[in-house]
Each structure stands twice: as structure tokens, then as C-alpha cells.
file structure.tsv (TSV, N, CA and C atoms)
chain	number	residue	atom	x	y	z
A	1	MET	N	14.48	99.50	62.42
A	1	MET	CA	13.47	98.49	62.63
A	1	MET	C	12.71	98.82	63.90
A	2	LYS	N	11.46	98.50	63.86
A	2	LYS	CA	10.65	98.75	65.04
A	2	LYS	C	10.97	97.77	66.15
A	3	ARG	N	11.35	96.54	65.77
A	3	ARG	CA	11.70	95.52	66.76
A	3	ARG	C	12.80	94.65	66.17
A	4	CYS	N	13.85	94.44	66.98
A	4	CYS	CA	14.99	93.65	66.52
A	4	CYS	C	15.62	92.99	67.74
A	5	PRO	N	15.98	91.69	67.64
A	5	PRO	CA	16.65	91.05	68.78
A	5	PRO	C	17.97	91.74	69.10
A	6	GLU	N	18.41	91.55	70.33
A	6	GLU	CA	19.72	92.08	70.73
A	6	GLU	C	20.81	91.41	69.90
A	7	VAL	N	21.95	92.06	69.78
A	7	VAL	CA	23.06	91.55	68.99
A	7	VAL	C	23.49	90.17	69.48
A	8	ASP	N	23.56	89.96	70.80
A	8	ASP	CA	23.99	88.65	71.30
A	8	ASP	C	22.98	87.56	70.97
A	9	GLN	N	21.69	87.90	70.89
A	9	GLN	CA	20.67	86.93	70.49
A	9	GLN	C	20.83	86.57	69.01
A	10	LEU	N	21.08	87.57	68.17
A	10	LEU	CA	21.30	87.31	66.75
A	10	LEU	C	22.57	86.49	66.54
A	11	ASN	N	23.61	86.81	67.30
A	11	ASN	CA	24.85	86.06	67.18
A	11	ASN	C	24.64	84.61	67.59
A	12	GLY	N	23.84	84.38	68.63
A	12	GLY	CA	23.50	83.02	69.03
A	12	GLY	C	22.71	82.28	67.96
A	13	PHE	N	21.82	83.00	67.29
A	13	PHE	CA	21.03	82.40	66.22
A	13	PHE	C	21.92	81.96	65.06
A	14	PHE	N	22.80	82.85	64.61
A	14	PHE	CA	23.66	82.54	63.47
A	14	PHE	C	24.81	81.62	63.85
A	15	GLY	N	25.19	81.60	65.13
A	15	GLY	CA	26.20	80.66	65.61
A	15	GLY	C	27.58	80.87	65.04
A	16	GLY	N	27.96	82.09	64.79
A	16	GLY	CA	29.28	82.36	64.22
A	16	GLY	C	29.93	83.55	64.88
A	17	THR	N	30.46	84.41	64.06
A	17	THR	CA	31.11	85.61	64.58
A	17	THR	C	30.29	86.85	64.22
A	18	HIS	N	30.40	87.86	65.08
A	18	HIS	CA	29.71	89.12	64.87
A	18	HIS	C	30.74	90.22	64.69
A	19	VAL	N	30.51	91.07	63.70
A	19	VAL	CA	31.36	92.23	63.47
A	19	VAL	C	30.45	93.45	63.40
A	20	GLN	N	30.79	94.45	64.20
A	20	GLN	CA	30.10	95.74	64.09
A	20	GLN	C	30.91	96.53	63.07
A	21	VAL	N	30.34	96.77	61.89
A	21	VAL	CA	31.08	97.31	60.75
A	21	VAL	C	31.69	98.68	61.05
A	22	TYR	N	30.97	99.52	61.78
A	22	TYR	CA	31.45	100.85	62.13
A	22	TYR	C	31.62	100.92	63.65
A	23	PRO	N	32.82	100.58	64.17
A	23	PRO	CA	33.03	100.43	65.61
A	23	PRO	C	32.65	101.65	66.45
A	24	ASP	N	32.73	102.85	65.89
A	24	ASP	CA	32.45	104.05	66.68
A	24	ASP	C	30.99	104.48	66.64
A	25	ALA	N	30.19	103.85	65.81
A	25	ALA	CA	28.78	104.23	65.68
A	25	ALA	C	27.95	103.51	66.75
A	26	PRO	N	26.87	104.13	67.19
A	26	PRO	CA	25.98	103.46	68.15
A	26	PRO	C	25.40	102.18	67.55
A	27	GLU	N	25.12	101.21	68.41
A	27	GLU	CA	24.66	99.90	67.97
A	27	GLU	C	23.42	99.98	67.08
A	28	GLU	N	22.45	100.81	67.44
A	28	GLU	CA	21.20	100.88	66.69
A	28	GLU	C	21.36	101.53	65.31
A	29	TYR	N	22.46	102.24	65.09
A	29	TYR	CA	22.70	102.88	63.79
A	29	TYR	C	23.80	102.18	63.00
A	30	ASN	N	24.25	101.04	63.47
A	30	ASN	CA	25.37	100.36	62.87
A	30	ASN	C	24.92	99.27	61.90
A	31	THR	N	25.87	98.75	61.17
A	31	THR	CA	25.66	97.56	60.36
A	31	THR	C	26.27	96.40	61.12
A	32	HIS	N	25.46	95.37	61.37
A	32	HIS	CA	25.92	94.20	62.10
A	32	HIS	C	26.07	93.04	61.13
A	33	ARG	N	27.27	92.48	61.07
A	33	ARG	CA	27.55	91.38	60.15
A	33	ARG	C	27.79	90.11	60.98
A	34	PHE	N	27.05	89.07	60.62
A	34	PHE	CA	27.17	87.77	61.27
A	34	PHE	C	27.66	86.78	60.23
A	35	GLU	N	28.71	86.03	60.57
A	35	GLU	CA	29.29	85.09	59.62
A	35	GLU	C	29.47	83.73	60.27
A	36	ARG	N	29.23	82.68	59.47
A	36	ARG	CA	29.45	81.33	59.95
A	36	ARG	C	29.83	80.44	58.77
A	37	ALA	N	30.79	79.56	59.02
A	37	ALA	CA	31.17	78.55	58.03
A	37	ALA	C	31.11	77.20	58.73
A	38	ALA	N	30.44	76.25	58.09
A	38	ALA	CA	30.34	74.90	58.64
A	38	ALA	C	30.30	73.92	57.47
A	39	GLY	N	31.25	73.00	57.46
A	39	GLY	CA	31.31	72.05	56.35
A	39	GLY	C	31.52	72.78	55.04
A	40	ASN	N	30.67	72.48	54.06
A	40	ASN	CA	30.79	73.14	52.75
A	40	ASN	C	29.88	74.35	52.62
A	41	GLU	N	29.28	74.80	53.74
A	41	GLU	CA	28.38	75.96	53.71
A	41	GLU	C	28.99	77.16	54.42
A	42	ARG	N	28.66	78.31	53.90
A	42	ARG	CA	29.06	79.58	54.53
A	42	ARG	C	27.88	80.52	54.46
A	43	ILE	N	27.59	81.21	55.56
A	43	ILE	CA	26.53	82.21	55.55
A	43	ILE	C	27.08	83.54	56.07
A	44	VAL	N	26.51	84.61	55.52
A	44	VAL	CA	26.79	85.96	55.97
A	44	VAL	C	25.44	86.67	56.01
A	45	CYS	N	25.16	87.31	57.14
A	45	CYS	CA	23.94	88.09	57.26
A	45	CYS	C	24.30	89.47	57.79
A	46	GLU	N	23.81	90.49	57.12
A	46	GLU	CA	24.01	91.86	57.58
A	46	GLU	C	22.66	92.44	57.98
A	47	VAL	N	22.60	93.00	59.18
A	47	VAL	CA	21.39	93.61	59.70
A	47	VAL	C	21.69	95.09	59.90
A	48	LEU	N	20.85	95.93	59.28
A	48	LEU	CA	20.99	97.39	59.39
A	48	LEU	C	19.70	97.93	60.01
A	49	PRO	N	19.59	97.94	61.35
A	49	PRO	CA	18.33	98.31	62.00
A	49	PRO	C	17.82	99.70	61.61
A	50	ALA	N	18.68	100.70	61.56
A	50	ALA	CA	18.24	102.06	61.27
A	50	ALA	C	17.79	102.22	59.82
A	51	GLU	N	18.28	101.34	58.94
A	51	GLU	CA	17.93	101.42	57.52
A	51	GLU	C	16.79	100.46	57.16
A	52	TYR	N	16.31	99.68	58.13
A	52	TYR	CA	15.24	98.70	57.89
A	52	TYR	C	15.65	97.69	56.81
A	53	GLU	N	16.92	97.25	56.87
A	53	GLU	CA	17.43	96.34	55.85
A	53	GLU	C	18.04	95.08	56.45
A	54	LEU	N	17.99	94.02	55.67
A	54	LEU	CA	18.63	92.76	56.00
A	54	LEU	C	19.16	92.16	54.71
A	55	ARG	N	20.39	91.70	54.75
A	55	ARG	CA	20.97	91.02	53.58
A	55	ARG	C	21.48	89.68	54.05
A	56	PHE	N	21.11	88.61	53.34
A	56	PHE	CA	21.50	87.26	53.70
A	56	PHE	C	22.12	86.58	52.48
A	57	MET	N	23.32	86.05	52.67
A	57	MET	CA	24.02	85.35	51.59
A	57	MET	C	24.42	83.97	52.08
A	58	TRP	N	24.27	82.99	51.19
A	58	TRP	CA	24.55	81.59	51.52
A	58	TRP	C	25.34	80.96	50.38
A	59	TRP	N	26.50	80.41	50.73
A	59	TRP	CA	27.34	79.72	49.75
A	59	TRP	C	27.36	78.24	50.07
A	60	VAL	N	27.32	77.41	49.05
A	60	VAL	CA	27.47	75.97	49.19
A	60	VAL	C	28.59	75.55	48.25
A	61	SER	N	29.60	74.90	48.81
A	61	SER	CA	30.77	74.46	48.04
A	61	SER	C	31.38	75.61	47.24
A	62	GLY	N	31.43	76.78	47.86
A	62	GLY	CA	32.05	77.94	47.22
A	62	GLY	C	31.20	78.67	46.20
A	63	ARG	N	30.00	78.19	45.95
A	63	ARG	CA	29.11	78.84	44.97
A	63	ARG	C	27.97	79.54	45.70
A	64	LEU	N	27.68	80.75	45.29
A	64	LEU	CA	26.61	81.52	45.91
A	64	LEU	C	25.26	80.89	45.56
A	65	ALA	N	24.56	80.38	46.57
A	65	ALA	CA	23.28	79.71	46.37
A	65	ALA	C	22.11	80.66	46.59
A	66	LEU	N	22.29	81.67	47.45
A	66	LEU	CA	21.21	82.61	47.75
A	66	LEU	C	21.81	83.95	48.12
A	67	ASP	N	21.30	85.00	47.50
A	67	ASP	CA	21.69	86.37	47.83
A	67	ASP	C	20.39	87.16	47.97
A	68	LEU	N	20.00	87.42	49.19
A	68	LEU	CA	18.71	88.03	49.49
A	68	LEU	C	18.92	89.38	50.16
A	69	LYS	N	18.40	90.43	49.55
A	69	LYS	CA	18.49	91.76	50.14
A	69	LYS	C	17.06	92.28	50.33
A	70	LEU	N	16.71	92.52	51.58
A	70	LEU	CA	15.37	92.98	51.91
A	70	LEU	C	15.39	94.40	52.43
A	71	GLN	N	14.50	95.21	51.92
A	71	GLN	CA	14.30	96.57	52.41
A	71	GLN	C	12.91	96.66	52.99
A	72	GLY	N	12.71	97.56	53.93
A	72	GLY	CA	11.41	97.69	54.57
A	72	GLY	C	11.16	96.65	55.64
A	73	VAL	N	12.24	96.11	56.23
A	73	VAL	CA	12.09	95.11	57.30
A	73	VAL	C	11.63	95.84	58.56
A	74	GLN	N	10.40	95.56	58.95
A	74	GLN	CA	9.81	96.24	60.10
A	74	GLN	C	10.21	95.62	61.43
A	75	SER	N	10.34	94.28	61.45
A	75	SER	CA	10.69	93.61	62.70
A	75	SER	C	11.37	92.28	62.42
A	76	LEU	N	12.17	91.87	63.41
A	76	LEU	CA	12.80	90.56	63.42
A	76	LEU	C	12.57	89.97	64.80
A	77	ASP	N	12.25	88.69	64.84
A	77	ASP	CA	12.08	87.97	66.10
A	77	ASP	C	12.71	86.59	65.95
A	78	ILE	N	13.18	86.04	67.05
A	78	ILE	CA	13.71	84.69	67.05
A	78	ILE	C	12.74	83.80	67.81
A	79	SER	N	12.30	82.73	67.15
A	79	SER	CA	11.36	81.79	67.73
A	79	SER	C	12.09	80.48	67.99
A	80	ARG	N	11.75	79.83	69.10
A	80	ARG	CA	12.34	78.52	69.42
A	80	ARG	C	11.21	77.52	69.57
A	81	SER	N	11.34	76.40	68.85
A	81	SER	CA	10.32	75.36	68.92
A	81	SER	C	10.98	74.01	68.66
A	82	ALA	N	10.78	73.08	69.57
A	82	ALA	CA	11.31	71.72	69.43
A	82	ALA	C	12.81	71.72	69.14
A	83	GLY	N	13.53	72.64	69.78
A	83	GLY	CA	14.98	72.71	69.61
A	83	GLY	C	15.45	73.47	68.39
A	84	ASP	N	14.53	73.87	67.52
A	84	ASP	CA	14.89	74.64	66.32
A	84	ASP	C	14.74	76.13	66.59
A	85	LYS	N	15.66	76.90	66.04
A	85	LYS	CA	15.57	78.37	66.11
A	85	LYS	C	15.19	78.89	64.74
A	86	THR	N	14.25	79.83	64.72
A	86	THR	CA	13.78	80.42	63.46
A	86	THR	C	13.78	81.93	63.59
A	87	LEU	N	14.36	82.60	62.61
A	87	LEU	CA	14.29	84.06	62.54
A	87	LEU	C	13.06	84.41	61.72
A	88	ILE	N	12.16	85.18	62.31
A	88	ILE	CA	10.92	85.57	61.64
A	88	ILE	C	10.98	87.06	61.38
A	89	GLY	N	10.78	87.44	60.13
A	89	GLY	CA	10.83	88.84	59.74
A	89	GLY	C	9.54	89.31	59.11
A	90	ASN	N	9.21	90.54	59.38
A	90	ASN	CA	8.02	91.19	58.82
A	90	ASN	C	8.53	92.30	57.90
A	91	VAL	N	8.16	92.20	56.62
A	91	VAL	CA	8.59	93.18	55.62
A	91	VAL	C	7.36	93.90	55.11
A	92	ASP	N	7.43	95.21	55.06
A	92	ASP	CA	6.32	96.02	54.55
A	92	ASP	C	6.87	96.95	53.48
A	93	THR	N	6.53	96.65	52.24
A	93	THR	CA	6.98	97.46	51.11
A	93	THR	C	5.76	97.98	50.37
A	94	ASP	N	5.59	99.28	50.38
A	94	ASP	CA	4.46	99.92	49.69
A	94	ASP	C	3.12	99.31	50.08
A	95	GLY	N	2.97	98.99	51.37
A	95	GLY	CA	1.71	98.48	51.87
A	95	GLY	C	1.51	96.99	51.71
A	96	LEU	N	2.43	96.29	51.03
A	96	LEU	CA	2.33	94.84	50.89
A	96	LEU	C	3.11	94.21	52.04
A	97	ARG	N	2.40	93.56	52.94
A	97	ARG	CA	3.02	92.94	54.10
A	97	ARG	C	3.45	91.53	53.74
A	98	GLN	N	4.70	91.23	53.99
A	98	GLN	CA	5.24	89.91	53.69
A	98	GLN	C	5.99	89.40	54.91
A	99	LEU	N	5.94	88.11	55.13
A	99	LEU	CA	6.63	87.49	56.25
A	99	LEU	C	7.62	86.46	55.72
A	100	PHE	N	8.73	86.32	56.41
A	100	PHE	CA	9.65	85.25	56.07
A	100	PHE	C	10.10	84.54	57.34
A	101	LYS	N	10.44	83.27	57.17
A	101	LYS	CA	11.01	82.46	58.24
A	101	LYS	C	12.33	81.91	57.73
A	102	LEU	N	13.37	82.06	58.52
A	102	LEU	CA	14.70	81.62	58.12
A	102	LEU	C	15.30	80.74	59.21
A	103	GLN	N	15.77	79.57	58.81
A	103	GLN	CA	16.54	78.70	59.69
A	103	GLN	C	17.91	78.53	59.08
A	104	VAL	N	18.94	78.48	59.92
A	104	VAL	CA	20.30	78.33	59.40
A	104	VAL	C	20.98	77.07	59.92
A	105	SER	N	20.29	76.31	60.75
A	105	SER	CA	20.87	75.10	61.30
A	105	SER	C	19.82	74.01	61.35
A	106	PRO	N	20.11	72.81	60.89
A	106	PRO	CA	21.43	72.32	60.47
A	106	PRO	C	21.84	72.80	59.08
A	107	THR	N	20.88	73.26	58.28
A	107	THR	CA	21.19	73.88	56.99
A	107	THR	C	20.20	75.02	56.77
A	108	VAL	N	20.37	75.75	55.71
A	108	VAL	CA	19.52	76.91	55.44
A	108	VAL	C	18.15	76.47	54.92
A	109	CYS	N	17.12	77.07	55.49
A	109	CYS	CA	15.74	76.84	55.04
A	109	CYS	C	15.03	78.19	55.10
A	110	LEU	N	14.41	78.58	53.99
A	110	LEU	CA	13.73	79.87	53.90
A	110	LEU	C	12.29	79.64	53.45
A	111	GLN	N	11.36	80.21	54.21
A	111	GLN	CA	9.94	80.19	53.84
A	111	GLN	C	9.50	81.64	53.66
A	112	TRP	N	8.65	81.86	52.67
A	112	TRP	CA	8.21	83.21	52.33
A	112	TRP	C	6.71	83.22	52.13
A	113	SER	N	6.06	84.26	52.60
A	113	SER	CA	4.61	84.38	52.43
A	113	SER	C	4.26	85.84	52.20
A	114	SER	N	3.32	86.07	51.29
A	114	SER	CA	2.88	87.44	51.06
A	114	SER	C	1.58	87.73	51.81
A	115	SER	N	1.16	86.80	52.64
A	115	SER	CA	0.02	87.07	53.51
A	115	SER	C	0.54	87.30	54.92
A	116	SER	N	-0.36	87.68	55.81
A	116	SER	CA	0.09	87.96	57.18
A	116	SER	C	-0.10	86.76	58.09
A	117	TYR	N	-0.26	85.56	57.51
A	117	TYR	CA	-0.48	84.38	58.32
A	117	TYR	C	0.31	83.20	57.77
A	118	PHE	N	1.02	82.51	58.63
A	118	PHE	CA	1.68	81.27	58.28
A	118	PHE	C	0.86	80.14	58.84
A	119	GLY	N	0.44	79.21	58.00
A	119	GLY	CA	-0.40	78.10	58.44
A	119	GLY	C	0.33	76.99	59.10
call {"tool": "encode", "arguments": {"input": "structure.tsv", "output": "C-alpha cells"}}
result
Amino acid sequence: MKRCPEVDQLNGFFGGTHVQVYPDAPEEYNTHRFERAAGNERIVCEVLPAEYELRFMWWVSGRLALDLKLQGVQSLDISRSAGDKTLIGNVDTDGLRQLFKLQVSPTVCLQWSSSSYFG
């Protein structure tokens, strides 16, 4: 990825535990897994900066509600507004630029746009 928050910032965003999947690999070439369980919800997010990939999974009451695998993730940023944290991602696949906004607290909320502007 061209731009990605530090691991501790991502861990703060997801509010759970962080696992570096390959402990001996450098951070920028590793797979970072963030996991959180709260109430009847569970989330797992894997960030692969060198591969430009992000995978996000969300379970509600033990059932998989969302399984999102993105390739071509150019950047990730964390935005804070009115106490809410939002992960904003820029995806570029074959010249089609797409943006997404993801919130994980108090529950999961995903917004998607195929334009380069969120209104």
C-alpha cells in the first residue's frame, strides 16, 4: 500500500487484539490480523500492505454477515469526527477508483462509492 496507518493505530481502531501472522517477517511485508469480539458480534480484519489487500469478516450471533476481500487497496487512513473513528480506503482496480468507509464501533457500518467523492 502506498499509505497505511501504523499497526498500533489500526489496533486502536479495531479495539481488539493484533497478531502478526509471520513473526519473523518485516512489518511492511507481513499479514496483520486484528480481531475483536463484543456481545454477539465478532470481527476479523487482515491487512496485507505489500500485497495491497484487505480482508474484513463480520459475524453476528455466530453467522457470517459480511466477508469482504479487497485487492488493489492503494491507501488506508483513519478519520476521527465527533468521537467516531472511520477507516477510509482507496481501491484502484483496472483504473476504476473506488472508496470505502468502514466503522466498527458501536457496530459495523460500511459505505461504498465508485466515484472519487463522498458527499
call {"tool": "select_by_dssp", "arguments": {"input": "structure.tsv", "residues": "chain A", "states": "strand (DSSP E or B)", "output": "PyMOL selection string"}}
result
chain A and resi 3+17-20+32-38+41-48+53-60+63-71+73-81+84-93+96-103+109-113
call {"tool": "residues_around", "arguments": {"input": "structure.tsv", "residues": "Val7 of chain A", "least_positions_apart": "5", "cutoff": "8 Å", "atoms": "only N, CA and C atoms", "output": "number ranges by chain"}}
result
A: 12-13, 18, 32
call {"tool": "atom_distance", "arguments": {"input": "structure.tsv", "atom1": "atom N of Arg3 of chain A", "atom2": "atom CA of Ala37 of chain A"}}
result
27.9 Å
call {"tool": "atom_distance", "arguments": {"input": "structure.tsv", "atom1": "atom CA of Glu27 of chain A", "atom2": "atom CA of Thr86 of chain A"}}
result
22.8 Å
call {"tool": "atom_distance", "arguments": {"input": "structure.tsv", "atom1": "atom N of Asn40 of chain A", "atom2": "atom N of Thr17 of chain A"}}
result
15.6 Å
call {"tool": "residues_near_point", "arguments": {"input": "structure.tsv", "point": "(22.5, 89.7, 48.5)", "cutoff": "7 Å", "atoms": "only N, CA and C atoms", "output": "ChimeraX atom specification"}}
result
/A:55-57,66-69
call {"tool": "residues_near_point", "arguments": {"input": "structure.tsv", "point": "(18.1, 94.3, 65.8)", "cutoff": "8 Å", "atoms": "only N, CA and C atoms", "output": "number ranges by chain"}}
result
A: 1-7, 10, 27-28, 47-50, 75-76
call {"tool": "closest_residue", "arguments": {"input": "structure.tsv", "among": "A:Arg36, A:Lys101, A:Lys85, A:Arg42", "to": "Gly62 of chain A", "atoms": "only C-alpha atoms"}}
result
A:Arg42
call {"tool": "select_by_dssp", "arguments": {"input": "structure.tsv", "residues": "chain A", "states": "helix (DSSP H, G or I)", "output": "list in words"}}
result
Val7, Asp8, Gln9, Leu10, Asn11, Gly12, Phe13, Phe14, Glu27, Glu28, Tyr29, Pro49, Ala50 and Glu51 of chain A
call {"tool": "closest_residue", "arguments": {"input": "structure.tsv", "among": "A:Asp77, A:Asn90, A:Asp84, A:Leu54", "to": "Pro106 of chain A", "atoms": "only C-alpha atoms"}}
result
A:Asp84
call {"tool": "closest_residue", "arguments": {"input": "structure.tsv", "among": "A:Phe34, A:Leu64, A:Arg80, A:Glu51", "to": "Gln20 of chain A", "atoms": "all atoms listed in the file"}}
result
A:Phe34
call {"tool": "closest_residue", "arguments": {"input": "structure.tsv", "among": "A:Leu110, A:Leu70, A:Val44, A:Leu99", "to": "Trp58 of chain A", "atoms": "only N, CA and C atoms"}}
result
A:Val44
call {"tool": "closest_residue", "arguments": {"input": "structure.tsv", "among": "A:Asn30, A:Ser61, A:Gln98, A:Gln74", "to": "Ile43 of chain A", "atoms": "only C-alpha atoms"}}
result
A:Ser61
